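J.: Before I ask anything, let me first share the structure, which is written out below as structure tokens.
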Amino acid sequence: MALRGAHIIIRTRNLEATDAVKQHISRNNPSAKSSIIELELSSQKSMQGFANKFLATNLPLKMLNNAGVMNYAYNILEDGIELQFTTNYIDLGGSLAIIYNPSL
């Protein structure tokens, strides 16, 4: 996508590791446009923060990917929702809902 001129926004919880990915993209395509926005997939508060930061970029959303998790022990988070369900479903749908309807 970066090779086609898209501005890539990388959602991550590990800023240090993701910065290495961003540098790799830039080294292989000096004209690539990329940004990093921190996001903890298991936190609705973090999801809201990501959506707000994304909206502040004024960039169009063309694609939203999620790596997801599997085989975690049953774990209820501070938001009251189970970890796998939050990470694999709520995050992706929630991010889209907030981006397309910021009043949520």
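Residues are named by chain letter and number: chains run A, B, ... in the order of the structure tokens, numbers start at 1 in each chain, and ligands are numbered from 1 in the order shown.
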Taking the DSSP assignment computed from this structure's backbone, write out as a PyMOL selection string all residues of stretch 12-70 of chain A that belong to strand (DSSP E or B).

T.: chain A and resi 12+33-38

J.: Residues at most 8 Å from stretch 48-56 of chain A, counting only C-alpha atoms, excluding those fewer than 6 positions away in the same chain, as a PDB file with all heavy atoms, in the first residue's frame?

T.:
```
ATOM      1  N   ARG A  11      -1.358   0.880  13.880  1.00  0.00           N
ATOM      2  CA  ARG A  11      -1.895   0.834  15.239  1.00  0.00           C
ATOM      3  C   ARG A  11      -1.035  -0.143  16.032  1.00  0.00           C
ATOM      4  O   ARG A  11      -0.821  -1.270  15.600  1.00  0.00           O
ATOM      5  CB  ARG A  11      -3.334   0.314  15.245  1.00  0.00           C
ATOM      6  CG  ARG A  11      -4.247   1.070  14.350  1.00  0.00           C
ATOM      7  CD  ARG A  11      -5.677   0.564  14.332  1.00  0.00           C
ATOM      8  NE  ARG A  11      -5.858  -0.879  14.402  1.00  0.00           N
ATOM      9  CZ  ARG A  11      -6.950  -1.460  14.864  1.00  0.00           C
ATOM     10  NH1 ARG A  11      -7.955  -0.746  15.297  1.00  0.00           N
ATOM     11  NH2 ARG A  11      -7.067  -2.767  14.890  1.00  0.00           N
ATOM     12  N   ILE A  37       0.198   5.228  15.687  1.00  0.00           N
ATOM     13  CA  ILE A  37      -0.711   5.661  16.742  1.00  0.00           C
ATOM     14  C   ILE A  37      -0.816   4.518  17.746  1.00  0.00           C
ATOM     15  O   ILE A  37      -1.125   3.382  17.378  1.00  0.00           O
ATOM     16  CB  ILE A  37      -2.106   6.024  16.207  1.00  0.00           C
ATOM     17  CG1 ILE A  37      -2.015   7.173  15.196  1.00  0.00           C
ATOM     18  CG2 ILE A  37      -3.022   6.423  17.373  1.00  0.00           C
ATOM     19  CD1 ILE A  37      -3.345   7.560  14.576  1.00  0.00           C
ATOM     20  N   GLU A  38      -0.556   4.836  18.997  1.00  0.00           N
ATOM     21  CA  GLU A  38      -0.599   3.820  20.043  1.00  0.00           C
ATOM     22  C   GLU A  38      -2.032   3.347  20.283  1.00  0.00           C
ATOM     23  O   GLU A  38      -2.980   4.133  20.285  1.00  0.00           O
ATOM     24  CB  GLU A  38      -0.023   4.386  21.334  1.00  0.00           C
ATOM     25  CG  GLU A  38       0.168   3.356  22.411  1.00  0.00           C
ATOM     26  CD  GLU A  38       0.934   3.882  23.599  1.00  0.00           C
ATOM     27  OE1 GLU A  38       1.051   5.111  23.761  1.00  0.00           O
ATOM     28  OE2 GLU A  38       1.416   3.057  24.373  1.00  0.00           O
ATOM     29  N   LEU A  39      -2.171   2.030  20.480  1.00  0.00           N
ATOM     30  CA  LEU A  39      -3.473   1.440  20.743  1.00  0.00           C
ATOM     31  C   LEU A  39      -3.298   0.148  21.512  1.00  0.00           C
ATOM     32  O   LEU A  39      -2.582  -0.752  21.068  1.00  0.00           O
ATOM     33  CB  LEU A  39      -4.215   1.141  19.433  1.00  0.00           C
ATOM     34  CG  LEU A  39      -5.488   0.314  19.557  1.00  0.00           C
ATOM     35  CD1 LEU A  39      -6.564   1.071  20.338  1.00  0.00           C
ATOM     36  CD2 LEU A  39      -6.015  -0.075  18.200  1.00  0.00           C
ATOM     37  N   SER A  95     -13.659   0.613  16.740  1.00  0.00           N
ATOM     38  CA  SER A  95     -12.832   1.624  16.064  1.00  0.00           C
ATOM     39  C   SER A  95     -13.570   2.216  14.873  1.00  0.00           C
ATOM     40  O   SER A  95     -13.604   3.427  14.683  1.00  0.00           O
ATOM     41  CB  SER A  95     -11.504   1.014  15.589  1.00  0.00           C
ATOM     42  OG  SER A  95     -10.700   0.644  16.666  1.00  0.00           O
ATOM     43  N   ILE A  98     -16.508   4.496  16.047  1.00  0.00           N
ATOM     44  CA  ILE A  98     -16.075   5.806  16.574  1.00  0.00           C
ATOM     45  C   ILE A  98     -15.555   6.688  15.456  1.00  0.00           C
ATOM     46  O   ILE A  98     -15.821   7.890  15.423  1.00  0.00           O
ATOM     47  CB  ILE A  98     -15.012   5.612  17.670  1.00  0.00           C
ATOM     48  CG1 ILE A  98     -15.653   4.923  18.887  1.00  0.00           C
ATOM     49  CG2 ILE A  98     -14.406   6.935  18.079  1.00  0.00           C
ATOM     50  CD1 ILE A  98     -14.650   4.407  19.899  1.00  0.00           C
ATOM     51  N   ILE A  99     -14.824   6.106  14.522  1.00  0.00           N
ATOM     52  CA  ILE A  99     -14.282   6.913  13.415  1.00  0.00           C
ATOM     53  C   ILE A  99     -15.406   7.453  12.539  1.00  0.00           C
ATOM     54  O   ILE A  99     -15.390   8.608  12.136  1.00  0.00           O
ATOM     55  CB  ILE A  99     -13.270   6.085  12.588  1.00  0.00           C
ATOM     56  CG1 ILE A  99     -11.991   5.898  13.415  1.00  0.00           C
ATOM     57  CG2 ILE A  99     -12.983   6.731  11.233  1.00  0.00           C
ATOM     58  CD1 ILE A  99     -11.033   4.853  12.871  1.00  0.00           C
ATOM     59  N   PRO A 102     -18.118   9.975  15.520  1.00  0.00           N
ATOM     60  CA  PRO A 102     -17.298  10.400  16.651  1.00  0.00           C
ATOM     61  C   PRO A 102     -18.078  10.741  17.912  1.00  0.00           C
ATOM     62  O   PRO A 102     -17.512  10.803  18.991  1.00  0.00           O
ATOM     63  CB  PRO A 102     -16.577  11.636  16.127  1.00  0.00           C
ATOM     64  CG  PRO A 102     -16.629  11.538  14.654  1.00  0.00           C
ATOM     65  CD  PRO A 102     -17.893  10.779  14.338  1.00  0.00           C
TER      66      PRO A 102
END
```

J.: Could you tell me how far atom CA of A:Leu15 sits from atom CA of A:Asn65, in Å to one decimal place?

T.: 17.4 Å

J.: Please compute the atom CA of A:Asn28-atom CA of A:Met63 distance, one decimal, in Å.

T.: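 Answer for the atom CA of A:Asn28 to atom CA of A:Met63 separation: 21.6 Å.
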
J.: Any idea what the distance is between atom CA of A:Leu96 and atom CA of A:Thr12?

T.: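 Calculated distance between atom CA of A:Leu96 and atom CA of A:Thr12 is 16.2 Å.
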
J.: Looking at only C-alpha atoms, which of A:Arg13, A:Tyr74, A:Lys62, A:Thr57 is the one that sits closest to A:Met1?

T.: A:Lys62

J.: Find the residue from A:Asp79, A:Ala73, A:Ser34, A:Gln44 that sits nearest to A:Leu92; use only C-alpha atoms when measuring.

T.: A:Gln44

J.: I want to know what sits within 12 Å of A:Val69, based on only C-alpha atoms, with residues of the same chain fewer than 5 positions away left out; could you give that as a list in words?

T.: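 That gives Leu41, Ser42, Glu82, Leu83, Gln84, Phe85, Thr86, Thr87, Asn88, Tyr89 and Asp91 of chain A.
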
J.: Got time to write the residues from that selection, N, CA, C and O atoms, as an mmCIF file, in the first residue's frame?

T.:
```
data_model
loop_
_atom_site.group_PDB
_atom_site.id
_atom_site.type_symbol
_atom_site.label_atom_id
_atom_site.label_comp_id
_atom_site.auth_asym_id
_atom_site.auth_seq_id
_atom_site.Cartn_x
_atom_site.Cartn_y
_atom_site.Cartn_z
ATOM 1 N N LEU A 41 -5.298 -2.921 22.284
ATOM 2 C CA LEU A 41 -6.518 -3.528 21.754
ATOM 3 C C LEU A 41 -7.503 -3.978 22.829
ATOM 4 O O LEU A 41 -8.683 -4.115 22.569
ATOM 5 N N SER A 42 -7.021 -4.213 24.028
ATOM 6 C CA SER A 42 -7.903 -4.731 25.075
ATOM 7 C C SER A 42 -8.538 -3.625 25.912
ATOM 8 O O SER A 42 -9.185 -3.899 26.905
ATOM 9 N N GLU A 82 -14.657 -9.687 28.103
ATOM 10 C CA GLU A 82 -13.610 -10.709 28.017
ATOM 11 C C GLU A 82 -12.523 -10.315 27.002
ATOM 12 O O GLU A 82 -12.817 -9.720 25.967
ATOM 13 N N LEU A 83 -11.263 -10.657 27.301
ATOM 14 C CA LEU A 83 -10.088 -10.238 26.519
ATOM 15 C C LEU A 83 -10.177 -10.615 25.041
ATOM 16 O O LEU A 83 -10.028 -9.759 24.174
ATOM 17 N N GLN A 84 -10.380 -11.905 24.723
ATOM 18 C CA GLN A 84 -10.408 -12.319 23.314
ATOM 19 C C GLN A 84 -11.530 -11.635 22.555
ATOM 20 O O GLN A 84 -11.345 -11.191 21.420
ATOM 21 N N PHE A 85 -12.698 -11.536 23.154
ATOM 22 C CA PHE A 85 -13.835 -10.903 22.499
ATOM 23 C C PHE A 85 -13.549 -9.425 22.246
ATOM 24 O O PHE A 85 -13.809 -8.907 21.153
ATOM 25 N N THR A 86 -12.986 -8.754 23.247
ATOM 26 C CA THR A 86 -12.653 -7.333 23.094
ATOM 27 C C THR A 86 -11.648 -7.130 21.971
ATOM 28 O O THR A 86 -11.830 -6.295 21.091
ATOM 29 N N THR A 87 -10.574 -7.894 22.005
ATOM 30 C CA THR A 87 -9.489 -7.722 21.043
ATOM 31 C C THR A 87 -9.902 -8.096 19.625
ATOM 32 O O THR A 87 -9.592 -7.388 18.670
ATOM 33 N N ASN A 88 -10.622 -9.192 19.481
ATOM 34 C CA ASN A 88 -10.938 -9.706 18.150
ATOM 35 C C ASN A 88 -12.179 -9.103 17.505
ATOM 36 O O ASN A 88 -12.296 -9.109 16.281
ATOM 37 N N TYR A 89 -13.109 -8.592 18.314
ATOM 38 C CA TYR A 89 -14.371 -8.106 17.752
ATOM 39 C C TYR A 89 -14.686 -6.663 18.127
ATOM 40 O O TYR A 89 -14.936 -5.842 17.259
ATOM 41 N N ASP A 91 -12.800 -4.296 19.328
ATOM 42 C CA ASP A 91 -11.812 -3.318 18.847
ATOM 43 C C ASP A 91 -12.071 -2.914 17.413
ATOM 44 O O ASP A 91 -12.175 -1.742 17.102
#
```

J.: DSSP on the backbone: which residues in chain A end up as alpha helix (DSSP H)? Give the answer as a ChimeraX atom specification.

T.: /A:15-28,44-57,83-85,91-100

J.: Restrict the selected residues to N, CA and C atoms and save them as a short mmCIF file (atom, residue, chain, number, x, y, z; two decimals), in the first residue's frame.

T.:
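Done, and the output landed in selection-v6.cif:
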```
data_model
loop_
_atom_site.label_atom_id
_atom_site.label_comp_id
_atom_site.auth_asym_id
_atom_site.auth_seq_id
_atom_site.Cartn_x
_atom_site.Cartn_y
_atom_site.Cartn_z
N LEU A 15 5.34 0.87 20.85
CA LEU A 15 5.84 1.96 20.00
C LEU A 15 7.28 1.73 19.54
N GLU A 16 8.11 1.19 20.41
CA GLU A 16 9.52 0.98 20.06
C GLU A 16 9.67 -0.02 18.91
N ALA A 17 9.00 -1.15 19.02
CA ALA A 17 9.08 -2.17 17.96
C ALA A 17 8.47 -1.65 16.66
N THR A 18 7.40 -0.92 16.77
CA THR A 18 6.72 -0.42 15.58
C THR A 18 7.53 0.68 14.90
N ASP A 19 8.28 1.43 15.67
CA ASP A 19 9.14 2.44 15.06
C ASP A 19 10.16 1.78 14.12
N ALA A 20 10.65 0.60 14.49
CA ALA A 20 11.57 -0.14 13.61
C ALA A 20 10.87 -0.53 12.31
N VAL A 21 9.60 -0.90 12.38
CA VAL A 21 8.83 -1.24 11.18
C VAL A 21 8.67 0.00 10.31
N LYS A 22 8.34 1.12 10.94
CA LYS A 22 8.17 2.37 10.19
C LYS A 22 9.48 2.75 9.49
N GLN A 23 10.61 2.61 10.18
CA GLN A 23 11.90 2.92 9.57
C GLN A 23 12.19 1.97 8.39
N HIS A 24 11.82 0.70 8.54
CA HIS A 24 12.01 -0.27 7.46
C HIS A 24 11.20 0.15 6.22
N ILE A 25 9.96 0.56 6.45
CA ILE A 25 9.12 1.01 5.33
C ILE A 25 9.78 2.21 4.65
N SER A 26 10.26 3.16 5.44
CA SER A 26 10.89 4.38 4.89
C SER A 26 12.17 4.07 4.14
N ARG A 27 12.97 3.13 4.66
CA ARG A 27 14.22 2.75 3.98
C ARG A 27 13.93 2.14 2.62
N ASN A 28 12.89 1.30 2.56
CA ASN A 28 12.57 0.61 1.31
C ASN A 28 11.75 1.44 0.35
N GLN A 44 -11.06 -0.22 25.89
CA GLN A 44 -11.98 0.66 25.16
C GLN A 44 -11.54 2.12 25.25
N LYS A 45 -10.92 2.50 26.36
CA LYS A 45 -10.41 3.87 26.50
C LYS A 45 -9.30 4.13 25.48
N SER A 46 -8.42 3.15 25.30
CA SER A 46 -7.35 3.27 24.31
C SER A 46 -7.93 3.31 22.91
N MET A 47 -8.97 2.51 22.67
CA MET A 47 -9.62 2.50 21.36
C MET A 47 -10.21 3.88 21.03
N GLN A 48 -10.83 4.50 22.02
CA GLN A 48 -11.39 5.85 21.84
C GLN A 48 -10.26 6.84 21.54
N GLY A 49 -9.15 6.72 22.28
CA GLY A 49 -8.00 7.60 22.05
C GLY A 49 -7.43 7.43 20.65
N PHE A 50 -7.33 6.17 20.20
CA PHE A 50 -6.85 5.92 18.83
C PHE A 50 -7.77 6.59 17.82
N ALA A 51 -9.06 6.37 17.98
CA ALA A 51 -10.03 6.94 17.02
C ALA A 51 -9.92 8.46 16.98
N ASN A 52 -9.80 9.09 18.13
CA ASN A 52 -9.67 10.55 18.17
C ASN A 52 -8.40 11.02 17.48
N LYS A 53 -7.29 10.31 17.72
CA LYS A 53 -6.02 10.68 17.06
C LYS A 53 -6.12 10.46 15.55
N PHE A 54 -6.76 9.35 15.15
CA PHE A 54 -6.93 9.11 13.72
C PHE A 54 -7.78 10.21 13.09
N LEU A 55 -8.88 10.55 13.72
CA LEU A 55 -9.75 11.61 13.18
C LEU A 55 -9.00 12.93 13.05
N ALA A 56 -8.09 13.20 13.97
CA ALA A 56 -7.33 14.45 13.93
C ALA A 56 -6.38 14.51 12.73
N THR A 57 -6.06 13.35 12.13
CA THR A 57 -5.18 13.36 10.95
C THR A 57 -5.91 13.85 9.71
N LEU A 83 -11.26 -10.66 27.30
CA LEU A 83 -10.09 -10.24 26.52
C LEU A 83 -10.18 -10.61 25.04
N GLN A 84 -10.38 -11.91 24.72
CA GLN A 84 -10.41 -12.32 23.31
C GLN A 84 -11.53 -11.63 22.55
N PHE A 85 -12.70 -11.54 23.15
CA PHE A 85 -13.84 -10.90 22.50
C PHE A 85 -13.55 -9.42 22.25
N ASP A 91 -12.80 -4.30 19.33
CA ASP A 91 -11.81 -3.32 18.85
C ASP A 91 -12.07 -2.91 17.41
N LEU A 92 -12.18 -3.87 16.53
CA LEU A 92 -12.34 -3.54 15.11
C LEU A 92 -13.65 -2.82 14.85
N GLY A 93 -14.74 -3.38 15.32
CA GLY A 93 -16.04 -2.73 15.13
C GLY A 93 -16.14 -1.41 15.87
N GLY A 94 -15.61 -1.38 17.08
CA GLY A 94 -15.64 -0.15 17.87
C GLY A 94 -14.83 0.96 17.24
N SER A 95 -13.66 0.61 16.74
CA SER A 95 -12.83 1.62 16.06
C SER A 95 -13.57 2.22 14.87
N LEU A 96 -14.17 1.35 14.07
CA LEU A 96 -14.91 1.84 12.90
C LEU A 96 -16.09 2.70 13.32
N ALA A 97 -16.82 2.26 14.35
CA ALA A 97 -17.99 3.02 14.81
C ALA A 97 -17.58 4.42 15.28
N ILE A 98 -16.51 4.50 16.05
CA ILE A 98 -16.07 5.81 16.57
C ILE A 98 -15.56 6.69 15.46
N ILE A 99 -14.82 6.11 14.52
CA ILE A 99 -14.28 6.91 13.41
C ILE A 99 -15.41 7.45 12.54
N TYR A 100 -16.43 6.63 12.27
CA TYR A 100 -17.52 7.08 11.41
C TYR A 100 -18.62 7.82 12.15
#
```

J.: Using only C-alpha atoms, which of A:Asn71, A:Asn58, A:Asn14, A:Asn66 sits nearest A:Ile90?

T.: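 The closest residue to A:Ile90 is A:Asn66.
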
J.: Mind checking which residues fall within 10 Å of A:Leu59, counting only C-alpha atoms, ignoring those fewer than 6 positions away in the same chain, and posting them as a JSON list (two decimals) with all heavy atoms, in the first residue's frame?

T.:
```json
[["chain", "number", "residue", "atom", "x", "y", "z"],
["A", 7, "HIS", "N", -1.08, 6.63, 2.66],
["A", 7, "HIS", "CA", -0.53, 6.99, 3.96],
["A", 7, "HIS", "C", -0.92, 5.86, 4.92],
["A", 7, "HIS", "O", -2.09, 5.63, 5.16],
["A", 7, "HIS", "CB", -1.11, 8.32, 4.45],
["A", 7, "HIS", "CG", -0.47, 8.80, 5.70],
["A", 7, "HIS", "ND1", 0.09, 10.05, 5.80],
["A", 7, "HIS", "CD2", -0.28, 8.22, 6.91],
["A", 7, "HIS", "CE1", 0.58, 10.21, 7.01],
["A", 7, "HIS", "NE2", 0.36, 9.10, 7.70],
["A", 8, "ILE", "N", 0.07, 5.18, 5.44],
["A", 8, "ILE", "CA", -0.14, 4.03, 6.31],
["A", 8, "ILE", "C", -0.12, 4.49, 7.77],
["A", 8, "ILE", "O", 0.83, 5.16, 8.19],
["A", 8, "ILE", "CB", 0.97, 2.97, 6.12],
["A", 8, "ILE", "CG1", 1.11, 2.58, 4.66],
["A", 8, "ILE", "CG2", 0.75, 1.77, 7.03],
["A", 8, "ILE", "CD1", -0.09, 1.96, 4.05],
["A", 9, "ILE", "N", -1.16, 4.16, 8.51],
["A", 9, "ILE", "CA", -1.17, 4.42, 9.95],
["A", 9, "ILE", "C", -1.10, 3.06, 10.64],
["A", 9, "ILE", "O", -1.94, 2.20, 10.42],
["A", 9, "ILE", "CB", -2.42, 5.19, 10.38],
["A", 9, "ILE", "CG1", -2.40, 6.58, 9.74],
["A", 9, "ILE", "CG2", -2.48, 5.29, 11.91],
["A", 9, "ILE", "CD1", -3.57, 7.44, 10.09]]
```
